[in-house]
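Asker: So that you have it, the file is entry-v4.pdb, and it contains PDB, C-alpha atoms, pLDDT in the B column:
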ATOM      1  CA  SER A   1      52.055-157.418   0.920  1.00 56.00           C
ATOM      2  CA  LYS A   2      55.837-157.081   0.818  1.00 66.00           C
ATOM      3  CA  SER A   3      56.050-155.474  -2.624  1.00 86.00           C
ATOM      4  CA  HIS A   4      52.989-153.218  -2.487  1.00 90.00           C
ATOM      5  CA  LEU A   5      51.763-150.340  -0.349  1.00 93.00           C
ATOM      6  CA  PHE A   6      48.023-149.669   0.005  1.00 94.00           C
ATOM      7  CA  THR A   7      46.742-146.175   0.850  1.00 95.00           C
ATOM      8  CA  VAL A   8      43.162-144.975   1.379  1.00 94.00           C
ATOM      9  CA  SER A   9      41.589-141.539   1.070  1.00 92.00           C
ATOM     10  CA  ASP A  10      38.442-139.463   1.541  1.00 90.00           C
ATOM     11  CA  ASP A  11      38.038-139.627  -2.259  1.00 89.00           C
ATOM     12  CA  ARG A  12      36.679-143.178  -1.710  1.00 90.00           C
ATOM     13  CA  SER A  13      39.642-144.858  -3.394  1.00 91.00           C
ATOM     14  CA  CYS A  14      42.421-147.207  -2.314  1.00 93.00           C
ATOM     15  CA  ARG A  15      45.607-146.850  -4.324  1.00 94.00           C
ATOM     16  CA  VAL A  16      48.078-149.667  -4.897  1.00 93.00           C
ATOM     17  CA  TRP A  17      51.737-148.621  -5.017  1.00 94.00           C
ATOM     18  CA  ASP A  18      54.529-150.823  -6.349  1.00 92.00           C
ATOM     19  CA  LEU A  19      57.506-150.354  -4.021  1.00 92.00           C
ATOM     20  CA  GLU A  20      59.993-151.518  -6.636  1.00 91.00           C
ATOM     21  CA  VAL A  21      59.027-149.196  -9.491  1.00 91.00           C
ATOM     22  CA  HIS A  22      57.727-146.436  -7.158  1.00 92.00           C
ATOM     23  CA  ALA A  23      54.457-145.960  -9.031  1.00 94.00           C
ATOM     24  CA  CYS A  24      50.712-146.377  -8.566  1.00 94.00           C
ATOM     25  CA  VAL A  25      49.722-149.612 -10.326  1.00 91.00           C
ATOM     26  CA  GLY A  26      46.055-149.847  -9.385  1.00 90.00           C
ATOM     27  CA  ILE A  27      43.036-148.063  -7.932  1.00 91.00           C
ATOM     28  CA  ILE A  28      40.397-149.902  -5.909  1.00 90.00           C
ATOM     29  CA  GLU A  29      36.971-148.309  -5.516  1.00 88.00           C
ATOM     30  CA  PRO A  30      34.028-149.947  -3.726  1.00 81.00           C
ATOM     31  CA  LYS A  31      31.229-150.244  -6.277  1.00 72.00           C
ATOM     32  CA  ASP A  32      28.658-148.930  -3.810  1.00 67.00           C
ATOM     33  CA  ARG A  33      28.909-145.214  -4.550  1.00 56.00           C
ATOM     34  CA  LYS A  34      26.824-144.514  -1.447  1.00 62.00           C
ATOM     35  CA  SER A  35      29.653-145.909   0.612  1.00 64.00           C
ATOM     36  CA  GLY A  36      31.425-143.676   3.078  1.00 77.00           C
ATOM     37  CA  THR A  37      34.925-142.389   2.633  1.00 91.00           C
ATOM     38  CA  LEU A  38      37.781-144.845   3.160  1.00 92.00           C
ATOM     39  CA  ARG A  39      39.570-144.380   6.479  1.00 95.00           C
ATOM     40  CA  SER A  40      41.811-147.372   7.276  1.00 97.00           C
ATOM     41  CA  VAL A  41      43.587-150.270   5.595  1.00 97.00           C
ATOM     42  CA  ALA A  42      45.458-153.445   6.551  1.00 97.00           C
ATOM     43  CA  CYS A  43      46.511-156.608   4.781  1.00 94.00           C
ATOM     44  CA  SER A  44      47.686-160.140   5.421  1.00 92.00           C
ATOM     45  CA  ASP A  45      49.688-162.216   2.947  1.00 89.00           C
ATOM     46  CA  ASP A  46      46.586-162.896   0.863  1.00 92.00           C
ATOM     47  CA  MET A  47      43.778-160.587   2.032  1.00 95.00           C
ATOM     48  CA  LEU A  48      43.269-156.810   1.926  1.00 96.00           C
ATOM     49  CA  PHE A  49      40.906-155.019   4.319  1.00 97.00           C
ATOM     50  CA  ILE A  50      39.612-151.475   3.795  1.00 96.00           C
ATOM     51  CA  GLY A  51      37.685-149.661   6.530  1.00 96.00           C
ATOM     52  CA  SER A  52      34.985-147.160   5.636  1.00 95.00           C
ATOM     53  CA  SER A  53      33.352-144.243   7.435  1.00 94.00           C
ATOM     54  CA  ASN A  54      30.013-146.104   7.475  1.00 92.00           C
ATOM     55  CA  GLY A  55      31.068-149.090   9.582  1.00 95.00           C
ATOM     56  CA  GLN A  56      31.842-151.354   6.618  1.00 94.00           C
ATOM     57  CA  ILE A  57      35.050-153.304   6.029  1.00 96.00           C
ATOM     58  CA  TYR A  58      35.610-154.249   2.382  1.00 95.00           C
ATOM     59  CA  VAL A  59      37.566-157.461   1.815  1.00 96.00           C
ATOM     60  CA  TYR A  60      39.715-158.104  -1.260  1.00 94.00           C
ATOM     61  CA  LEU A  61      42.511-160.527  -2.160  1.00 93.00           C
ATOM     62  CA  THR A  62      46.012-159.168  -2.625  1.00 90.00           C
ATOM     63  CA  GLU A  63      46.710-161.479  -5.575  1.00 87.00           C
ATOM     64  CA  ARG A  64      44.770-161.823  -8.830  1.00 84.00           C
ATOM     65  CA  ALA A  65      42.434-164.496  -7.523  1.00 88.00           C
ATOM     66  CA  CYS A  66      38.828-164.915  -6.381  1.00 91.00           C
ATOM     67  CA  ARG A  67      37.122-166.993  -3.672  1.00 91.00           C
ATOM     68  CA  ARG A  68      33.535-165.963  -4.377  1.00 90.00           C
ATOM     69  CA  PRO A  69      31.252-168.902  -5.249  1.00 89.00           C
ATOM     70  CA  ASP A  70      28.643-166.825  -7.150  1.00 88.00           C
ATOM     71  CA  ARG A  71      28.597-166.196 -10.895  1.00 83.00           C
ATOM     72  CA  HIS A  72      30.204-162.831 -11.718  1.00 86.00           C
ATOM     73  CA  VAL A  73      32.881-161.328 -13.951  1.00 85.00           C
ATOM     74  CA  CYS A  74      35.677-163.476 -12.500  1.00 88.00           C
ATOM     75  CA  ARG A  75      33.949-166.565 -13.952  1.00 83.00           C
ATOM     76  CA  LEU A  76      34.598-165.432 -17.517  1.00 85.00           C
ATOM     77  CA  LEU A  77      37.288-167.125 -19.610  1.00 78.00           C
ATOM     78  CA  ALA A  78      39.733-164.282 -18.914  1.00 79.00           C
ATOM     79  CA  GLY A  79      39.802-165.393 -15.305  1.00 77.00           C
ATOM     80  CA  PRO A  80      39.760-163.382 -12.068  1.00 85.00           C
ATOM     81  CA  VAL A  81      39.915-159.616 -12.372  1.00 84.00           C
ATOM     82  CA  PRO A  82      42.352-157.704 -10.151  1.00 86.00           C
ATOM     83  CA  TYR A  83      40.986-156.759  -6.731  1.00 89.00           C
ATOM     84  CA  CYS A  84      37.509-158.221  -7.020  1.00 91.00           C
ATOM     85  CA  LEU A  85      35.428-157.419  -3.935  1.00 92.00           C
ATOM     86  CA  GLN A  86      35.125-160.685  -1.997  1.00 93.00           C
ATOM     87  CA  THR A  87      32.856-159.838   0.918  1.00 94.00           C
ATOM     88  CA  THR A  88      31.894-157.041   3.303  1.00 94.00           C
ATOM     89  CA  LEU A  89      32.088-157.069   7.104  1.00 96.00           C
ATOM     90  CA  THR A  90      30.094-154.798   9.410  1.00 96.00           C
ATOM     91  CA  HIS A  91      31.474-153.220  12.590  1.00 97.00           C
ATOM     92  CA  GLY A  92      28.703-150.936  13.820  1.00 95.00           C
ATOM     93  CA  GLU A  93      27.676-147.814  11.917  1.00 94.00           C
ATOM     94  CA  GLU A  94      30.489-145.375  12.665  1.00 95.00           C
ATOM     95  CA  VAL A  95      33.945-144.791  11.146  1.00 96.00           C
ATOM     96  CA  ILE A  96      36.301-147.778  11.001  1.00 97.00           C
ATOM     97  CA  SER A  97      39.263-145.754  12.191  1.00 97.00           C
ATOM     98  CA  ALA A  98      41.879-148.509  12.590  1.00 98.00           C
ATOM     99  CA  LEU A  99      42.618-151.974  11.212  1.00 98.00           C
ATOM    100  CA  GLU A 100      45.381-154.430  12.083  1.00 98.00           C
ATOM    101  CA  VAL A 101      46.201-158.005  11.075  1.00 97.00           C
ATOM    102  CA  GLY A 102      48.075-160.111  13.627  1.00 95.00           C
ATOM    103  CA  GLY A 103      47.980-163.117  15.893  1.00 94.00           C
ATOM    104  CA  TYR A 104      49.982-165.048  18.453  1.00 92.00           C
ATOM    105  CA  HIS A 105      53.569-165.491  17.263  1.00 89.00           C
ATOM    106  CA  HIS A 106      52.749-163.321  14.209  1.00 88.00           C
ATOM    107  CA  SER A 107      50.371-165.981  12.873  1.00 90.00           C
ATOM    108  CA  ASP A 108      48.317-163.317  11.027  1.00 92.00           C
ATOM    109  CA  ASP A 109      45.125-165.309  11.566  1.00 95.00           C
ATOM    110  CA  LEU A 110      43.239-162.450  13.253  1.00 97.00           C
ATOM    111  CA  LEU A 111      41.831-159.137  12.047  1.00 98.00           C
ATOM    112  CA  PHE A 112      41.329-156.347  14.583  1.00 98.00           C
ATOM    113  CA  SER A 113      39.047-153.404  13.800  1.00 98.00           C
ATOM    114  CA  GLY A 114      38.577-150.196  15.780  1.00 98.00           C
ATOM    115  CA  SER A 115      35.674-147.760  15.545  1.00 98.00           C
ATOM    116  CA  TYR A 116      34.820-144.168  16.378  1.00 98.00           C
ATOM    117  CA  ASP A 117      32.358-145.596  18.918  1.00 97.00           C
ATOM    118  CA  GLY A 118      35.316-146.821  21.016  1.00 98.00           C
ATOM    119  CA  SER A 119      34.854-150.526  20.336  1.00 98.00           C
ATOM    120  CA  VAL A 120      37.386-153.062  19.072  1.00 98.00           C
ATOM    121  CA  TYR A 121      36.331-156.255  17.257  1.00 98.00           C
ATOM    122  CA  VAL A 122      38.406-159.423  16.838  1.00 98.00           C
ATOM    123  CA  TRP A 123      37.786-161.458  13.662  1.00 98.00           C
ATOM    124  CA  ALA A 124      39.050-164.963  12.763  1.00 97.00           C
ATOM    125  CA  LEU A 125      40.613-165.150   9.296  1.00 96.00           C
ATOM    126  CA  PRO A 126      40.174-168.391   7.316  1.00 94.00           C
ATOM    127  CA  GLU A 127      42.942-170.146   5.425  1.00 90.00           C
ATOM    128  CA  GLU A 128      40.465-170.771   2.619  1.00 90.00           C
ATOM    129  CA  GLY A 129      37.049-169.416   1.736  1.00 90.00           C
ATOM    130  CA  LEU A 130      35.437-166.229   3.016  1.00 94.00           C
ATOM    131  CA  GLU A 131      33.921-167.257   6.335  1.00 94.00           C
ATOM    132  CA  ILE A 132      35.238-164.462   8.557  1.00 96.00           C
ATOM    133  CA  GLU A 133      33.629-164.703  11.985  1.00 96.00           C
ATOM    134  CA  ILE A 134      33.675-162.377  14.975  1.00 97.00           C
ATOM    135  CA  LEU A 135      35.538-163.938  17.899  1.00 96.00           C
ATOM    136  CA  HIS A 136      35.003-161.137  20.389  1.00 97.00           C
ATOM    137  CA  LYS A 137      33.720-157.578  20.769  1.00 97.00           C
ATOM    138  CA  PHE A 138      35.452-155.204  23.187  1.00 97.00           C
ATOM    139  CA  GLU A 139      32.432-152.890  23.229  1.00 96.00           C
ATOM    140  CA  THR A 140      33.885-150.431  25.761  1.00 95.00           C
ATOM    141  CA  ALA A 141      37.573-150.664  24.903  1.00 95.00           C
ATOM    142  CA  HIS A 142      37.763-146.855  24.791  1.00 98.00           C
ATOM    143  CA  ALA A 143      35.497-144.014  25.911  1.00 97.00           C
ATOM    144  CA  LEU A 144      36.196-142.083  22.697  1.00 98.00           C
ATOM    145  CA  ALA A 145      37.262-143.018  19.159  1.00 98.00           C
ATOM    146  CA  VAL A 146      39.835-145.752  18.620  1.00 98.00           C
ATOM    147  CA  THR A 147      42.748-144.171  16.767  1.00 98.00           C
ATOM    148  CA  SER A 148      45.394-146.883  16.432  1.00 98.00           C
ATOM    149  CA  LEU A 149      45.857-150.655  16.687  1.00 98.00           C
ATOM    150  CA  VAL A 150      49.212-152.442  16.649  1.00 96.00           C
ATOM    151  CA  SER A 151      50.139-156.030  17.403  1.00 93.00           C
ATOM    152  CA  SER A 152      53.338-157.727  18.468  1.00 89.00           C
ATOM    153  CA  TRP A 153      54.018-161.450  18.646  1.00 87.00           C
ATOM    154  CA  ALA A 154      52.099-161.765  21.933  1.00 90.00           C
ATOM    155  CA  HIS A 155      49.892-158.675  22.369  1.00 92.00           C
ATOM    156  CA  LEU A 156      47.395-156.337  20.775  1.00 96.00           C
ATOM    157  CA  VAL A 157      47.801-152.696  21.804  1.00 97.00           C
ATOM    158  CA  THR A 158      44.959-150.213  21.270  1.00 98.00           C
ATOM    159  CA  ALA A 159      44.881-146.433  21.603  1.00 98.00           C
ATOM    160  CA  GLY A 160      42.148-143.819  21.546  1.00 98.00           C
ATOM    161  CA  ASP A 161      41.163-140.202  21.788  1.00 98.00           C
ATOM    162  CA  ASP A 162      40.462-140.833  25.479  1.00 97.00           C
ATOM    163  CA  GLY A 163      44.240-140.935  26.066  1.00 97.00           C
ATOM    164  CA  LYS A 164      44.198-144.615  26.977  1.00 97.00           C
ATOM    165  CA  VAL A 165      46.597-147.269  25.714  1.00 97.00           C
ATOM    166  CA  VAL A 166      45.356-150.793  26.440  1.00 97.00           C
ATOM    167  CA  PHE A 167      47.274-154.084  26.231  1.00 96.00           C
ATOM    168  CA  TYR A 168      45.509-157.367  25.430  1.00 96.00           C
ATOM    169  CA  ASN A 169      47.355-160.694  25.314  1.00 94.00           C
ATOM    170  CA  LEU A 170      46.926-162.924  22.267  1.00 94.00           C
ATOM    171  CA  TYR A 171      47.522-166.222  24.056  1.00 91.00           C
ATOM    172  CA  SER A 172      44.558-166.271  26.433  1.00 87.00           C
ATOM    173  CA  ASP A 173      41.854-168.904  25.926  1.00 85.00           C
ATOM    174  CA  ASP A 174      39.258-166.384  27.091  1.00 93.00           C
ATOM    175  CA  TRP A 175      39.038-162.969  25.406  1.00 94.00           C
ATOM    176  CA  ASP A 176      37.156-161.652  28.445  1.00 93.00           C
ATOM    177  CA  ASP A 177      40.367-162.114  30.447  1.00 94.00           C
ATOM    178  CA  ALA A 178      42.767-160.917  27.747  1.00 95.00           C
ATOM    179  CA  LYS A 179      43.191-157.360  29.048  1.00 95.00           C
ATOM    180  CA  GLU A 180      46.500-157.098  30.903  1.00 93.00           C
ATOM    181  CA  LYS A 181      47.387-153.445  31.354  1.00 92.00           C
ATOM    182  CA  GLN A 182      46.200-149.910  30.714  1.00 95.00           C
ATOM    183  CA  LEU A 183      48.168-146.661  30.488  1.00 95.00           C
ATOM    184  CA  GLN A 184      46.634-143.208  30.712  1.00 96.00           C
ATOM    185  CA  PHE A 185      48.147-140.183  28.969  1.00 94.00           C
ATOM    186  CA  GLU A 186      47.202-136.521  28.834  1.00 91.00           C
ATOM    187  CA  GLY A 187      45.735-135.535  25.492  1.00 92.00           C
ATOM    188  CA  ARG A 188      44.661-137.823  22.670  1.00 97.00           C
ATOM    189  CA  ILE A 189      46.796-140.724  21.413  1.00 97.00           C
ATOM    190  CA  LYS A 190      46.858-140.597  17.604  1.00 97.00           C
ATOM    191  CA  CYS A 191      49.346-143.281  16.590  1.00 97.00           C
ATOM    192  CA  LEU A 192      51.304-146.236  17.974  1.00 97.00           C
ATOM    193  CA  HIS A 193      54.398-148.159  16.984  1.00 94.00           C
ATOM    194  CA  ILE A 194      56.071-151.140  18.652  1.00 91.00           C
ATOM    195  CA  GLY A 195      59.818-151.674  18.421  1.00 84.00           C
ATOM    196  CA  ASP A 196      59.926-155.427  18.919  1.00 69.00           C
ATOM    197  CA  GLU A 197      62.515-157.359  20.856  1.00 57.00           C
ATOM    198  CA  ASP A 198      66.117-156.726  19.711  1.00 55.00           C
ATOM    199  CA  ASP A 199      65.132-153.824  17.392  1.00 55.00           C
ATOM    200  CA  ILE A 200      66.670-151.321  19.816  1.00 56.00           C
ATOM    201  CA  GLU A 201      67.834-153.143  22.908  1.00 60.00           C
ATOM    202  CA  GLN A 202      68.276-156.893  23.287  1.00 65.00           C
ATOM    203  CA  ASP A 203      65.410-158.614  25.124  1.00 69.00           C
ATOM    204  CA  VAL A 204      63.490-155.329  25.463  1.00 77.00           C
ATOM    205  CA  ALA A 205      60.606-153.838  23.451  1.00 84.00           C
ATOM    206  CA  TYR A 206      59.543-150.197  23.215  1.00 88.00           C
ATOM    207  CA  LEU A 207      56.146-148.648  22.575  1.00 92.00           C
ATOM    208  CA  PHE A 208      55.990-145.237  20.873  1.00 94.00           C
ATOM    209  CA  CYS A 209      52.822-143.182  21.391  1.00 96.00           C
ATOM    210  CA  GLY A 210      52.177-140.048  19.330  1.00 96.00           C
ATOM    211  CA  THR A 211      49.782-137.472  20.764  1.00 95.00           C
ATOM    212  CA  ASN A 212      47.698-134.606  19.389  1.00 95.00           C
ATOM    213  CA  ARG A 213      50.011-132.237  21.258  1.00 94.00           C
ATOM    214  CA  GLY A 214      52.982-133.006  19.045  1.00 94.00           C
ATOM    215  CA  GLU A 215      54.598-135.168  21.723  1.00 93.00           C
ATOM    216  CA  LEU A 216      56.024-138.663  21.438  1.00 94.00           C
ATOM    217  CA  ALA A 217      55.811-140.787  24.581  1.00 93.00           C
ATOM    218  CA  VAL A 218      58.258-143.699  24.750  1.00 92.00           C
ATOM    219  CA  VAL A 219      57.382-146.635  27.005  1.00 90.00           C
ATOM    220  CA  ARG A 220      60.014-149.264  27.808  1.00 86.00           C
ATOM    221  CA  LEU A 221      58.397-152.689  27.937  1.00 83.00           C
ATOM    222  CA  GLY A 222      59.539-156.155  28.906  1.00 72.00           C
ATOM    223  CA  ALA A 223      60.671-158.733  26.376  1.00 58.00           C
ATOM    224  CA  TYR A 224      57.392-160.666  26.481  1.00 56.00           C
ATOM    225  CA  VAL A 225      55.526-158.240  24.277  1.00 57.00           C
TER
END
How would this structure read if it were set down as structure tokens?

Answerer:
Amino acid sequence: SKSHLFTVSDDRSCRVWDLEVHACVGIIEPKDRKSGTLRSVACSDDMLFIGSSNGQIYVYLTERACRRPDRHVCRLLAGPVPYCLQTTLTHGEEVISALEVGGYHHSDDLLFSGSYDGSVYVWALPEEGLEIEILHKFETAHALAVTSLVSSWAHLVTAGDDGKVVFYNLYSDDWDDAKEKQLQFEGRIKCLHIGDEDDIEQDVAYLFCGTNRGELAVVRLGAYV
């Protein structure tokens, strides 16, 4: 969402911030009070994904709309309520520590989820409806918890507490062959950022890797990232 920022917290809430008026304009809370704390968040143009500490991914719409076919409050004359829970996805039983929406040429038709168990799932996002299917499971993507996921126009990059940074291409017809490269760092990688082509240097991209040692590793990549 270009005009809103979504943040999640251990208080089990997701807050919606309006970037124009600089204020919180909504609070989203999963109705299941037995749910774990909220640990990660990502959104596409029309869908919001919230990762929990119990392996659940809660799916909402970013606009005041509803795709659910069942009878519930959104069917009343007042129309859809803001941020009605649409569906829930399951990625194992451990913390959903990272979420990212992306796709080849920034198509935003894929959801990537990372878990404390070291796995990364790839989900196909529908243009309509709520049929979100798993395309692939990278069960052993990392030996320790996945900490960050970022995507460029051609790649998904994952990082973990095992110090690994792994590159997967988004244009392969076979996810089993999508892994292209792996970097190994000392310490734990806690965050990633990609400076896409032309952001810093023409025809070159950079990857920034933040570690638990207070260091920032900068990796110069080729243009086809």

Asker: Please determine, counting only C-alpha atoms, which residue among A:Thr7, A:Ser115, A:Thr147, A:Gln86 has the shortest atom-to-atom distance to A:Gly55.

Answerer: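 The shortest atom-to-atom distance to A:Gly55 comes from A:Ser115.
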
Asker: Could you expand the PyMOL selection byres ((chain A and resi 153) around 7) into the explicit residues it covers here, written as a list of chain:residue names?

Answerer: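 Listing what the PyMOL selection byres ((chain A and resi 153) around 7) selects in the shown file: A:Gly103, A:Tyr104, A:His105, A:His106, A:Ser151, A:Ser152, A:Ala154, A:His155, A:Val225.
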
Asker: Pick from A:Gly129, A:Leu111, A:Cys24, A:Cys191: nearest to A:Cys66, with all atoms listed in the file counted?

Answerer: A:Gly129

Asker: Counting all atoms listed in the file, which residue out of A:Cys74, A:Val95, A:Leu130, A:Ser113 sits closest to A:Val59?

Answerer: A:Leu130

Asker: Can you translate the PyMOL selection byres ((chain A and resi 118) around 7) into the concrete residues it hits in this file, as a list in words?

Answerer: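 For this structure, the PyMOL selection byres ((chain A and resi 118) around 7) resolves to Ser115, Tyr116, Asp117, Ser119, Val120, Thr140, Ala141, His142, Ala143, Leu144, Ala145 and Val146 of chain A.
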
Asker: Nearest residue to A:Arg68 out of A:Thr211, A:Asp45, A:Val166, A:Glu128, using only C-alpha atoms?

Answerer: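 Residue with the minimum atom-to-atom distance to A:Arg68: A:Glu128.
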
Asker: Kindly give the distance, in Å, that separates atom CA of A:Leu89 and atom CA of A:Tyr58, rounded to a single decimal.

Answerer: 6.5 Å

Asker: Given only C-alpha atoms as the basis, pick out the residue of A:Gly114, A:Pro30, A:Gly102, A:Gly163 nearest to A:Ser148.

Answerer: A:Gly114

Asker: To test the calculation: enclose all listed atoms of stretch 131-140 of chain A in a box whose edges run along x, y and z, add 4 Å on each side, then state centre and edge lengths in Å to one decimal, as JSON.

Answerer:
{"center_x": 34.0, "center_y": -158.8, "center_z": 16.0, "size_x": 11.1, "size_y": 24.8, "size_z": 27.4}

Asker: Which distance in Å separates atom CA of A:Ser172 and atom CA of A:Glu127, to one decimal?

Answerer: 21.4 Å

Asker: Please identify all polymer residues within 8 Å of A:Arg15, counting all atoms listed in the file, omitting same-chain residues fewer than 5 positions from it, and present them as a ChimeraX atom specification.

Answerer: /A:6-8,24-28

Asker: Mind giving me the straight-line distance from atom CA of A:Asn54 to atom CA of A:Phe112 in Å, one decimal?

Answerer: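 Atom CA of A:Asn54 sits 16.8 Å away from atom CA of A:Phe112.
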
Asker: Which residues, protein or nucleic acid, reach to within 8 Å of (44.9, -134.5, 18.0) in the file's coordinates when using only C-alpha atoms, and can you give that as a list in words?

Answerer: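 Those residues lying close to the given coordinates are Asp161, Gly187, Arg188, Ile189, Lys190, Thr211, Asn212 and Arg213 of chain A.
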
Asker: Find, counting only C-alpha atoms, the residue in A:Val165, A:Ile57, A:Val73, A:Val41 that gets nearest to A:Trp123.

Answerer: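 Closest to A:Trp123, using only C-alpha atoms: A:Ile57.
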
Asker: Starting from the shown file, work through the PyMOL selection byres ((chain A and resi 53) around 10) and note down what comes out as an MDAnalysis selection string.

Answerer: chainID A and resid 10 12 35:40 51:52 54:57 93:97 115:116

Asker: I want to know what sits within 6 Å of A:Leu207, based on only C-alpha atoms, with residues of the same chain fewer than 3 positions away left out; could you give that as a list in words?

Answerer: His193, Ile194, Val218 and Val219 of chain A
